[in-house]
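Raw contents of start_9.cif, mmCIF, C-alpha atoms and all ligand atoms:
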```
data_protein
#
loop_
_atom_site.label_atom_id
_atom_site.label_comp_id
_atom_site.auth_asym_id
_atom_site.auth_seq_id
_atom_site.Cartn_x
_atom_site.Cartn_y
_atom_site.Cartn_z
CA MET Q 1274 51.67 15.07 96.42
CA ASN Q 1275 53.82 17.60 98.34
CA LYS Q 1276 53.44 20.78 96.27
CA ASP Q 1277 56.62 22.34 97.64
CA LYS Q 1278 58.86 19.49 96.70
CA SER Q 1279 59.67 18.87 93.02
CA SER Q 1280 59.00 15.44 91.65
CA VAL Q 1281 60.73 13.64 88.82
CA LEU Q 1282 59.89 10.41 87.06
CA LEU Q 1283 63.06 8.56 86.05
CA ILE Q 1284 62.41 6.33 83.05
CA TYR Q 1285 65.02 3.70 82.40
CA THR Q 1286 64.97 2.32 78.86
CA GLY Q 1287 68.42 0.70 78.71
CA GLY Q 1288 71.75 1.74 77.23
CA THR Q 1289 75.31 1.71 78.52
CA ILE Q 1290 74.49 3.77 81.63
CA GLY Q 1291 72.84 0.76 83.26
CA MET Q 1292 74.84 -2.03 81.67
CA LYS Q 1293 77.09 -4.59 83.28
CA GLU Q 1294 79.72 -6.88 81.84
CA ASP Q 1295 78.51 -10.40 81.12
CA PRO Q 1296 80.98 -12.60 83.02
CA VAL Q 1297 80.83 -15.23 80.30
CA ASP Q 1298 81.47 -13.31 77.07
CA GLN Q 1299 82.41 -9.85 78.50
CA THR Q 1300 79.81 -8.06 76.33
CA LEU Q 1301 77.79 -5.26 77.96
CA ARG Q 1302 74.20 -6.19 78.85
CA PRO Q 1303 71.46 -4.23 80.69
CA PHE Q 1304 71.02 -4.89 84.41
CA ASP Q 1305 68.38 -4.26 87.05
CA PHE Q 1306 67.37 -0.63 87.75
CA GLY Q 1307 67.29 -1.07 91.53
CA ALA Q 1308 71.01 -1.68 91.36
CA LEU Q 1309 71.41 1.51 89.35
CA LEU Q 1310 69.95 3.66 92.13
CA GLU Q 1311 72.23 1.97 94.67
CA GLU Q 1312 75.15 3.18 92.58
CA VAL Q 1313 74.04 6.82 92.92
CA PRO Q 1314 73.19 7.54 96.58
CA GLU Q 1315 73.76 11.26 95.80
CA LEU Q 1316 70.27 11.35 94.29
CA ARG Q 1317 68.76 10.98 97.74
CA LYS Q 1318 70.36 14.28 98.79
CA PHE Q 1319 68.13 16.32 96.47
CA ASP Q 1320 64.92 17.77 97.80
CA ILE Q 1321 63.21 16.05 94.90
CA ARG Q 1322 60.84 13.11 94.99
CA ILE Q 1323 62.17 10.58 92.50
CA ASP Q 1324 60.07 7.70 91.25
CA SER Q 1325 61.20 5.31 88.60
CA TYR Q 1326 59.81 3.25 85.77
CA THR Q 1327 61.79 0.52 84.04
CA PHE Q 1328 61.15 -0.62 80.49
CA ASP Q 1329 60.76 -4.33 79.98
CA PRO Q 1330 62.79 -5.48 78.19
CA LEU Q 1331 65.65 -3.03 78.62
CA ILE Q 1332 67.26 -2.35 75.28
CA ASP Q 1333 70.46 -1.30 73.66
CA SER Q 1334 69.29 1.83 71.86
CA SER Q 1335 70.38 0.37 68.53
CA ASP Q 1336 67.13 -1.58 68.84
CA VAL Q 1337 64.94 1.50 69.32
CA GLU Q 1338 61.84 1.54 67.11
CA PRO Q 1339 59.01 4.10 66.83
CA ALA Q 1340 56.88 1.79 69.01
CA MET Q 1341 59.24 2.62 71.86
CA TRP Q 1342 58.74 6.37 71.27
CA GLN Q 1343 54.99 5.77 71.42
CA GLN Q 1344 55.43 3.86 74.69
CA LEU Q 1345 57.50 6.72 76.10
CA ALA Q 1346 54.99 9.35 74.96
CA VAL Q 1347 52.11 7.43 76.55
CA LEU Q 1348 54.07 7.06 79.78
CA ILE Q 1349 54.74 10.81 79.89
CA ARG Q 1350 51.11 11.60 79.01
CA ASP Q 1351 49.75 9.28 81.71
CA ASN Q 1352 52.09 10.73 84.35
CA TYR Q 1353 52.11 14.32 83.15
CA ASP Q 1354 50.08 15.78 86.00
CA SER Q 1355 51.90 13.84 88.70
CA TYR Q 1356 55.47 15.04 88.06
CA ASP Q 1357 57.35 18.29 87.50
CA GLY Q 1358 59.73 16.67 85.04
CA PHE Q 1359 60.92 13.49 83.39
CA VAL Q 1360 64.40 12.00 82.95
CA VAL Q 1361 64.83 9.33 80.29
CA LEU Q 1362 67.87 7.09 80.62
CA HIS Q 1363 68.62 5.99 77.10
CA GLY Q 1364 71.50 4.56 75.08
CA THR Q 1365 73.57 7.18 73.34
CA ASP Q 1366 73.55 5.61 69.88
CA THR Q 1367 70.02 6.70 68.96
CA MET Q 1368 69.36 9.25 71.70
CA ALA Q 1369 69.27 12.16 69.25
CA TYR Q 1370 66.66 10.32 67.15
CA SER Q 1371 64.46 9.59 70.17
CA ALA Q 1372 64.73 13.09 71.63
CA SER Q 1373 63.92 14.59 68.22
CA ALA Q 1374 60.91 12.35 67.66
CA LEU Q 1375 59.53 12.99 71.16
CA SER Q 1376 59.88 16.75 70.67
CA PHE Q 1377 57.38 16.52 67.81
CA MET Q 1378 55.09 13.99 69.47
CA LEU Q 1379 54.72 16.15 72.61
CA GLU Q 1380 52.96 19.34 71.50
CA ASN Q 1381 52.80 22.35 73.85
CA LEU Q 1382 55.05 20.57 76.30
CA GLY Q 1383 55.14 22.48 79.56
CA LYS Q 1384 57.56 20.27 81.52
CA PRO Q 1385 61.17 19.12 81.09
CA VAL Q 1386 61.85 15.79 79.40
CA ILE Q 1387 65.60 15.24 79.76
CA PHE Q 1388 67.30 12.40 77.92
CA THR Q 1389 70.64 11.27 79.28
CA GLY Q 1390 72.96 8.29 79.30
CA SER Q 1391 76.67 7.66 79.45
CA GLN Q 1392 79.68 6.37 77.62
CA LEU Q 1393 80.84 4.24 80.57
CA PRO Q 1394 78.47 2.08 82.66
CA ILE Q 1395 77.49 3.70 85.95
CA GLY Q 1396 79.29 1.05 88.00
CA ARG Q 1397 82.69 1.74 86.42
CA PRO Q 1398 85.19 3.91 88.39
CA ARG Q 1399 85.54 6.73 85.81
CA THR Q 1400 81.89 6.67 84.75
CA ASP Q 1401 80.33 9.77 83.24
CA GLY Q 1402 76.91 8.30 84.07
CA LYS Q 1403 76.65 9.60 87.64
CA GLU Q 1404 77.26 13.23 86.75
CA ASN Q 1405 74.93 13.01 83.77
CA LEU Q 1406 72.16 11.43 85.82
CA ILE Q 1407 72.49 13.71 88.85
CA SER Q 1408 72.49 16.93 86.79
CA SER Q 1409 69.60 15.70 84.64
CA VAL Q 1410 67.49 15.06 87.72
CA GLU Q 1411 68.37 18.50 89.08
CA ILE Q 1412 67.38 20.17 85.79
CA ALA Q 1413 64.17 18.14 85.46
CA GLY Q 1414 63.13 19.25 88.95
CA ALA Q 1415 64.29 22.88 88.64
CA ARG Q 1416 61.62 25.55 88.89
CA LYS Q 1417 61.61 29.31 88.54
CA PRO Q 1418 60.62 31.44 91.53
CA ASP Q 1419 57.05 31.55 90.15
CA GLY Q 1420 56.95 27.73 90.25
CA SER Q 1421 57.13 27.19 86.48
CA PRO Q 1422 59.73 24.72 85.15
CA MET Q 1423 63.13 26.10 84.10
CA VAL Q 1424 63.28 24.14 80.84
CA PRO Q 1425 59.94 22.93 79.45
CA GLU Q 1426 61.54 21.23 76.47
CA VAL Q 1427 62.72 17.82 75.28
CA CYS Q 1428 66.49 18.00 75.86
CA ILE Q 1429 69.64 15.94 75.97
CA PHE Q 1430 71.96 16.43 78.93
CA PHE Q 1431 75.47 15.16 78.42
CA ASN Q 1432 78.88 16.10 79.79
CA SER Q 1433 77.78 19.37 81.42
CA LEU Q 1434 75.72 20.58 78.46
CA LEU Q 1435 71.96 20.79 78.19
CA LEU Q 1436 71.06 20.70 74.50
CA ARG Q 1437 67.76 21.02 72.68
CA GLY Q 1438 66.93 17.42 71.74
CA ASN Q 1439 65.90 18.10 68.15
CA ARG Q 1440 69.12 20.08 67.51
CA SER Q 1441 71.45 17.44 68.90
CA THR Q 1442 73.62 14.86 67.26
CA LYS Q 1443 76.04 12.25 68.54
CA VAL Q 1444 79.50 13.47 67.53
CA ASP Q 1445 81.84 11.16 69.42
CA ALA Q 1446 81.67 7.38 69.64
CA THR Q 1447 83.99 7.10 72.65
CA GLY Q 1448 84.67 10.53 74.23
CA PHE Q 1449 82.61 11.97 77.06
CA GLU Q 1450 81.64 15.00 74.93
CA ALA Q 1451 79.39 12.74 72.92
CA PHE Q 1452 76.69 15.24 71.94
CA ARG Q 1453 76.62 18.65 70.35
CA SER Q 1454 73.93 20.92 68.94
CA PRO Q 1455 76.13 22.57 66.30
CA CYS Q 1456 73.53 25.10 65.13
CA LEU Q 1457 72.21 26.18 68.53
CA PRO Q 1458 74.04 27.18 71.73
CA PRO Q 1459 73.42 24.95 74.78
CA LEU Q 1460 70.22 25.66 76.72
CA ALA Q 1461 72.25 25.39 79.92
CA GLU Q 1462 75.75 24.60 81.14
CA ALA Q 1463 76.49 22.84 84.40
CA GLY Q 1464 79.48 24.20 86.29
CA ILE Q 1465 79.47 25.17 89.95
CA ASP Q 1466 75.91 26.28 89.22
CA ILE Q 1467 73.67 25.34 86.37
CA ARG Q 1468 73.56 28.41 84.15
CA TYR Q 1469 70.41 28.56 82.03
CA ASN Q 1470 70.37 30.33 78.69
CA ASN Q 1471 66.89 31.75 79.20
CA ASP Q 1472 66.92 33.70 75.94
CA ILE Q 1473 66.69 30.55 73.85
CA ILE Q 1474 64.69 28.23 76.10
CA ARG Q 1475 61.27 27.72 74.54
CA ARG Q 1476 58.10 28.07 76.57
CA PRO Q 1477 54.67 26.80 75.60
CA SER Q 1478 52.54 29.55 74.10
CA GLY Q 1479 49.40 28.64 75.96
CA GLY Q 1480 47.97 25.74 73.94
CA GLU Q 1481 46.94 22.54 75.65
CA PHE Q 1482 49.51 19.73 76.07
CA LYS Q 1483 48.79 17.16 73.38
CA VAL Q 1484 50.44 13.82 72.64
CA HIS Q 1485 50.60 12.63 69.02
CA LEU Q 1486 51.05 8.89 68.66
CA ASP Q 1487 50.45 8.38 64.94
CA LEU Q 1488 53.70 8.04 63.04
CA ASP Q 1489 54.20 7.20 59.38
CA THR Q 1490 57.64 5.65 58.96
CA ARG Q 1491 57.73 5.43 55.15
CA VAL Q 1492 60.88 7.56 54.96
CA SER Q 1493 64.24 6.73 53.36
CA ILE Q 1494 67.54 8.58 53.59
CA LEU Q 1495 69.72 9.08 50.54
CA LYS Q 1496 73.24 10.26 51.29
CA VAL Q 1497 74.84 11.59 48.11
CA HIS Q 1498 78.51 10.78 47.57
CA PRO Q 1499 80.98 10.77 44.71
CA GLY Q 1500 80.45 7.58 42.76
CA ILE Q 1501 76.80 7.14 43.72
CA THR Q 1502 75.14 4.95 41.11
CA ARG Q 1503 71.98 5.48 39.16
CA GLN Q 1504 70.62 2.17 40.46
CA VAL Q 1505 71.00 3.19 44.10
CA VAL Q 1506 69.40 6.59 43.49
CA GLU Q 1507 66.51 4.98 41.62
CA ASP Q 1508 65.97 2.34 44.29
CA ILE Q 1509 65.71 4.97 47.02
CA LEU Q 1510 63.96 7.84 45.28
CA LEU Q 1511 61.48 5.76 43.33
CA GLY Q 1512 60.86 2.98 45.87
CA SER Q 1513 57.15 2.20 45.78
CA LEU Q 1514 56.81 1.90 49.57
CA THR Q 1515 58.54 5.21 50.28
CA ARG Q 1516 56.47 8.35 50.90
CA ALA Q 1517 59.36 10.71 51.71
CA VAL Q 1518 63.11 10.83 51.16
CA ILE Q 1519 65.61 12.89 53.12
CA ILE Q 1520 68.39 13.73 50.66
CA GLU Q 1521 71.63 14.35 52.56
CA THR Q 1522 73.51 16.74 50.30
CA TYR Q 1523 76.88 18.47 50.22
CA GLY Q 1524 77.52 21.87 51.82
CA CYS Q 1525 74.71 24.35 51.25
CA GLY Q 1526 72.45 21.73 49.71
CA ASN Q 1527 74.28 20.68 46.56
CA ALA Q 1528 74.00 17.37 44.75
CA PRO Q 1529 75.33 15.94 41.47
CA SER Q 1530 74.10 17.96 38.49
CA ARG Q 1531 74.19 15.07 36.03
CA ASP Q 1532 71.01 14.70 33.99
CA TRP Q 1533 70.23 11.16 35.13
CA PHE Q 1534 70.36 12.23 38.79
CA LEU Q 1535 68.05 15.22 38.31
CA ASP Q 1536 65.70 13.20 36.10
CA ILE Q 1537 65.22 10.65 38.89
CA VAL Q 1538 64.63 13.45 41.42
CA LYS Q 1539 62.02 15.00 39.10
CA GLU Q 1540 60.37 11.65 38.52
CA SER Q 1541 60.24 11.04 42.27
CA ALA Q 1542 58.68 14.47 42.90
CA SER Q 1543 56.18 13.99 40.09
CA ARG Q 1544 55.09 10.72 41.72
CA GLY Q 1545 54.18 12.86 44.71
CA LYS Q 1546 57.01 11.87 47.04
CA LEU Q 1547 58.14 14.33 49.69
CA LEU Q 1548 61.80 15.23 49.17
CA LEU Q 1549 63.71 17.13 51.85
CA ASN Q 1550 67.21 18.52 51.42
CA VAL Q 1551 69.39 18.25 54.54
CA THR Q 1552 73.08 19.12 54.59
CA GLN Q 1553 75.79 16.59 55.46
CA CYS Q 1554 77.66 19.41 57.26
CA LEU Q 1555 77.38 19.83 61.01
CA ARG Q 1556 76.98 23.60 60.80
CA GLY Q 1557 75.28 26.02 58.43
CA LYS Q 1558 72.11 25.62 56.46
CA VAL Q 1559 70.74 24.49 53.14
CA ASN Q 1560 70.35 27.32 50.66
CA MET Q 1561 69.35 25.96 47.30
CA ASP Q 1562 69.69 29.34 45.62
CA LEU Q 1563 73.43 29.63 46.14
CA TYR Q 1564 74.77 27.20 43.51
CA ALA Q 1565 73.34 25.95 40.24
CA THR Q 1566 73.57 22.36 41.52
CA GLY Q 1567 71.38 23.27 44.50
CA ARG Q 1568 68.94 25.32 42.46
CA ALA Q 1569 68.41 22.39 40.12
CA LEU Q 1570 67.21 20.35 43.10
CA GLY Q 1571 64.84 23.12 44.18
CA ASN Q 1572 63.47 23.37 40.65
CA ALA Q 1573 62.98 19.62 40.62
CA GLY Q 1574 60.67 19.84 43.62
CA VAL Q 1575 62.98 19.30 46.59
CA LEU Q 1576 62.23 21.27 49.78
CA GLY Q 1577 64.97 22.94 51.83
CA GLY Q 1578 65.59 21.65 55.33
CA GLY Q 1579 67.47 24.75 56.55
CA ASP Q 1580 69.76 23.72 59.41
CA ILE Q 1581 67.69 20.75 60.55
CA THR Q 1582 69.60 17.62 61.58
CA THR Q 1583 68.89 14.33 59.83
CA GLU Q 1584 67.67 12.88 63.14
CA SER Q 1585 65.22 15.72 63.52
CA ALA Q 1586 64.09 15.61 59.88
CA LEU Q 1587 63.25 11.94 60.31
CA GLY Q 1588 61.17 12.53 63.45
CA LYS Q 1589 59.45 15.54 61.88
CA LEU Q 1590 58.47 13.57 58.77
CA PHE Q 1591 57.25 10.57 60.80
CA PHE Q 1592 55.12 12.95 62.88
CA LEU Q 1593 53.75 15.14 60.07
CA MET Q 1594 53.00 12.19 57.79
CA GLY Q 1595 51.39 10.33 60.67
CA ASN Q 1596 49.00 13.23 61.10
CA THR Q 1597 47.78 13.50 57.52
CA ASN Q 1598 47.71 11.61 54.23
CA ASP Q 1599 47.80 14.92 52.38
CA ASN Q 1600 51.37 15.57 51.21
CA GLN Q 1601 50.57 19.21 50.45
CA ARG Q 1602 49.77 19.72 54.11
CA VAL Q 1603 52.99 17.99 55.12
CA LYS Q 1604 54.93 20.27 52.76
CA ALA Q 1605 53.30 23.34 54.27
CA PHE Q 1606 54.68 22.43 57.70
CA LEU Q 1607 57.98 20.85 56.69
CA GLU Q 1608 59.82 24.10 56.08
CA LYS Q 1609 58.27 25.76 59.16
CA ASP Q 1610 59.84 25.79 62.59
CA LEU Q 1611 57.52 23.71 64.79
CA ARG Q 1612 59.56 22.90 67.91
CA GLY Q 1613 62.68 25.04 67.60
CA GLU Q 1614 64.26 22.49 65.26
CA ILE Q 1615 65.29 25.01 62.56
CA SER Q 1616 66.59 28.56 62.56
CA ASN Q 1617 64.64 31.17 60.70
N1 LIG N 1 74.92 0.78 72.34
C1 LIG N 1 74.61 1.63 73.46
C2 LIG N 1 73.22 2.15 73.28
O1 LIG N 1 73.00 3.05 72.52
C3 LIG N 1 75.60 2.73 73.58
C4 LIG N 1 75.36 3.69 74.70
O2 LIG N 1 74.44 3.62 75.47
O3 LIG N 1 76.18 4.59 74.83
O4 LIG N 1 72.32 1.65 73.90
#
```
Please, can you express the file's structure as structure tokens?
Amino acid sequence: MNKDKSSVLLIYTGGTIGMKEDPVDQTLRPFDFGALLEEVPELRKFDIRIDSYTFDPLIDSSDVEPAMWQQLAVLIRDNYDSYDGFVVLHGTDTMAYSASALSFMLENLGKPVIFTGSQLPIGRPRTDGKENLISSVEIAGARKPDGSPMVPEVCIFFNSLLLRGNRSTKVDATGFEAFRSPCLPPLAEAGIDIRYNNDIIRRPSGGEFKVHLDLDTRVSILKVHPGITRQVVEDILLGSLTRAVIIETYGCGNAPSRDWFLDIVKESASRGKLLLNVTQCLRGKVNMDLYATGRALGNAGVLGGGDITTESALGKLFFLMGNTNDNQRVKAFLEKDLRGEISN
């Protein structure tokens, strides 16, 4: 390997960026990766060695499962020493889930793992895919003068913004500004130059890079809403196959204060289930001490998720529960910031 030249492994998993219209029914379907590189000759102009790996089968990210995260993590682990960075081409629909999960699975990450994709296929005239791909490759290969990587984090790059993966959420189904990290400024912005926000970029604190593959997916999500029925709340909070429930609450972490609701929450907690309070709002954090309706949840045994996103809470629970059967241990880590996913 040429030590002076950066190297990036481009991992193509599927998604709109590499899709083509099916001539028969006009739906978008994944196409061959070789053709994707032909569409972006600009990549050859970088002084970066780019190798590629294509998933088989390519998938629309609506079909992403934890097994795919494990496959990605293994691929990064097996190629970790051979590349300076990784770019993952991924559908936008579940990109924030995948980037969040990988951020937990890759402990003490010392290299960039940049997820990107596009709203328009790369072959279309007004595609956003080219710019997203080219900048992602540049960021994945970027090094500081001392040779260390600029951004050793799992990130999402989209429409000029580099966002921490486990802070990101898809906010627009059709516009090019599809992703935001509402509770954290971008890690970098691409204009004439790529301006890095070095104050908030995380760096490994010296521990050895470690890949965690065990995930426990026994998590449900309960989104509270006016008119929610007792039956629905019971089904989700007391479900026998569920080990944890993310409760998506109003505002600062508030939920209905009716007795039947709180009784079910208490019953769920007393059965040992892990209950995490995450706000439905894009900005701000859960504070269960602010209103009586929030405090009742805290008293019933619900933990506060701070400003964590639902996508990140899901990945964090899968990861923590996969590492231990002891719910007390999971609780001890749940409210802690592990990968920059919550603000203190
Ligand atoms: N359905 C597509 C996917 O997530 C959408 C996209 O890539 O933007 O794979």
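Around ligand LIG 1 (chain N), the neighbouring residues within 8 Å, taking all atoms listed in the file, come to Gly1287, Gly1288, Thr1289, Ile1290, Ile1332, Asp1333, Ser1334, Ser1335, Asp1336, His1363, Gly1364, Thr1365, Asp1366, Thr1367, Met1368, Gly1390, Ser1391, Gln1392 and Leu1393 of chain Q.
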Residue neighbourhood range 1585-1590 of chain Q, 9 Å, all atoms listed in the file, exclusion window fewer than 4 positions, as a ChimeraX atom specification | /Q:1369-1378,1438-1441,1488-1494,1517,1519,1549,1551,1578,1581,1594-1595,1603,1607,1611,1614
Can you tell me, as AutoDock Vina command-line options, the centre and edge lengths (Å, one decimal) of the axis-aligned box enclosing all of range 1389-1392 of chain Q's listed atoms after padding each side by 4 Å?
```
--center_x 75.2 --center_y 8.8 --center_z 78.5 --size_x 17.0 --size_y 12.9 --size_z 9.8
```
Using only C-alpha atoms, which protein or nucleic acid residues come within 12 Å of Thr1502 in chain Q? Drop anything in the same chain fewer than 3 positions from it, and give the result as a PDB file with C-alpha atoms, in the coordinates of the input.
```pdb
ATOM      1  CA  LEU Q1495      69.720   9.080  50.540  1.00  0.00           C
ATOM      2  CA  LYS Q1496      73.240  10.260  51.290  1.00  0.00           C
ATOM      3  CA  VAL Q1497      74.840  11.590  48.110  1.00  0.00           C
ATOM      4  CA  HIS Q1498      78.510  10.780  47.570  1.00  0.00           C
ATOM      5  CA  PRO Q1499      80.980  10.770  44.710  1.00  0.00           C
ATOM      6  CA  VAL Q1505      71.000   3.190  44.100  1.00  0.00           C
ATOM      7  CA  VAL Q1506      69.400   6.590  43.490  1.00  0.00           C
ATOM      8  CA  GLU Q1507      66.510   4.980  41.620  1.00  0.00           C
ATOM      9  CA  ASP Q1508      65.970   2.340  44.290  1.00  0.00           C
ATOM     10  CA  ILE Q1509      65.710   4.970  47.020  1.00  0.00           C
ATOM     11  CA  PRO Q1529      75.330  15.940  41.470  1.00  0.00           C
ATOM     12  CA  ARG Q1531      74.190  15.070  36.030  1.00  0.00           C
ATOM     13  CA  TRP Q1533      70.230  11.160  35.130  1.00  0.00           C
ATOM     14  CA  PHE Q1534      70.360  12.230  38.790  1.00  0.00           C
ATOM     15  CA  ILE Q1537      65.220  10.650  38.890  1.00  0.00           C
TER      16      ILE Q1537
END
```
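Counting from CA of Arg1503 in chain Q, the distance to CA of Val1518 in chain Q is 15.9 Å.
Between Arg1516 in chain Q and the candidates Q:Thr1583, Q:Asn1560, Q:Ser1433, Q:Asn1600, the tightest atom-to-atom separation, counting all atoms listed in the file, involves Q:Asn1600.
Checking Q:Met1341, Q:Ala1569, Q:Leu1348, Q:Cys1456 one by one against Cys1554 in chain Q, counting all atoms listed in the file, you find the shortest gap at Q:Cys1456.
The space between CA of Asn1572 in chain Q and CA of Glu1540 in chain Q spans 12.3 Å.
Our summary of the geometry notes that CA of Pro1425 in chain Q is positioned 12.9 Å from CA of Phe1388 in chain Q.
The nearest approach to Gln1343 in chain Q among the residues Q:Leu1434, Q:Ala1605, Q:Ile1467, Q:Leu1486, with only C-alpha atoms taken into account, belongs to Q:Leu1486.
Distances from Q:Leu1460, Q:Val1281, Q:Leu1511, Q:Leu1382 to Ala1346 in chain Q were compared using only C-alpha atoms, and the smallest one belongs to Q:Leu1382.
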Taking (71.4, 29.3, 45.5) in the file's coordinates, which residues come within 12 Å, counting all atoms listed in the file, written as JSON, numbers by chain?
-> {"Q": [1524, 1525, 1526, 1527, 1558, 1559, 1560, 1561, 1562, 1563, 1564, 1565, 1566, 1567, 1568, 1569, 1570, 1571, 1572, 1577]}
If you keep C-alpha atoms, can you produce a file of those selected residues as a PDB file, keeping the file's coordinate frame?
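That gives us part-v4.pdb:
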```pdb
ATOM      1  CA  GLY Q1524      77.520  21.870  51.820  1.00  0.00           C
ATOM      2  CA  CYS Q1525      74.710  24.350  51.250  1.00  0.00           C
ATOM      3  CA  GLY Q1526      72.450  21.730  49.710  1.00  0.00           C
ATOM      4  CA  ASN Q1527      74.280  20.680  46.560  1.00  0.00           C
ATOM      5  CA  LYS Q1558      72.110  25.620  56.460  1.00  0.00           C
ATOM      6  CA  VAL Q1559      70.740  24.490  53.140  1.00  0.00           C
ATOM      7  CA  ASN Q1560      70.350  27.320  50.660  1.00  0.00           C
ATOM      8  CA  MET Q1561      69.350  25.960  47.300  1.00  0.00           C
ATOM      9  CA  ASP Q1562      69.690  29.340  45.620  1.00  0.00           C
ATOM     10  CA  LEU Q1563      73.430  29.630  46.140  1.00  0.00           C
ATOM     11  CA  TYR Q1564      74.770  27.200  43.510  1.00  0.00           C
ATOM     12  CA  ALA Q1565      73.340  25.950  40.240  1.00  0.00           C
ATOM     13  CA  THR Q1566      73.570  22.360  41.520  1.00  0.00           C
ATOM     14  CA  GLY Q1567      71.380  23.270  44.500  1.00  0.00           C
ATOM     15  CA  ARG Q1568      68.940  25.320  42.460  1.00  0.00           C
ATOM     16  CA  ALA Q1569      68.410  22.390  40.120  1.00  0.00           C
ATOM     17  CA  LEU Q1570      67.210  20.350  43.100  1.00  0.00           C
ATOM     18  CA  GLY Q1571      64.840  23.120  44.180  1.00  0.00           C
ATOM     19  CA  ASN Q1572      63.470  23.370  40.650  1.00  0.00           C
ATOM     20  CA  GLY Q1577      64.970  22.940  51.830  1.00  0.00           C
TER      21      GLY Q1577
END
```
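Neighbours of Ser1279 in chain Q closer than or equal to 7 Å, with all atoms listed in the file counted and sequence neighbours fewer than 4 positions away skipped, come out as Ile1321, Arg1322, Asp1357 and Gly1414 of chain Q.
Across Q:Leu1379, Q:Leu1345, Q:Ala1340, Q:Ile1615, the tightest approach to Leu1457 in chain Q is made by Q:Ile1615 when counting all atoms listed in the file.
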Spatial neighbours of Gly1420 in chain Q, max dist 12 Å, all atoms listed in the file, sep filter under 3 positions, as a PyMOL selection string = chain Q and resi 1276-1279+1357+1384+1414-1417+1423-1424
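Between Gly1557 in chain Q and the candidates Q:Asp1329, Q:Val1484, Q:Leu1283, Q:Gly1579, the tightest atom-to-atom separation, counting all atoms listed in the file, involves Q:Gly1579.
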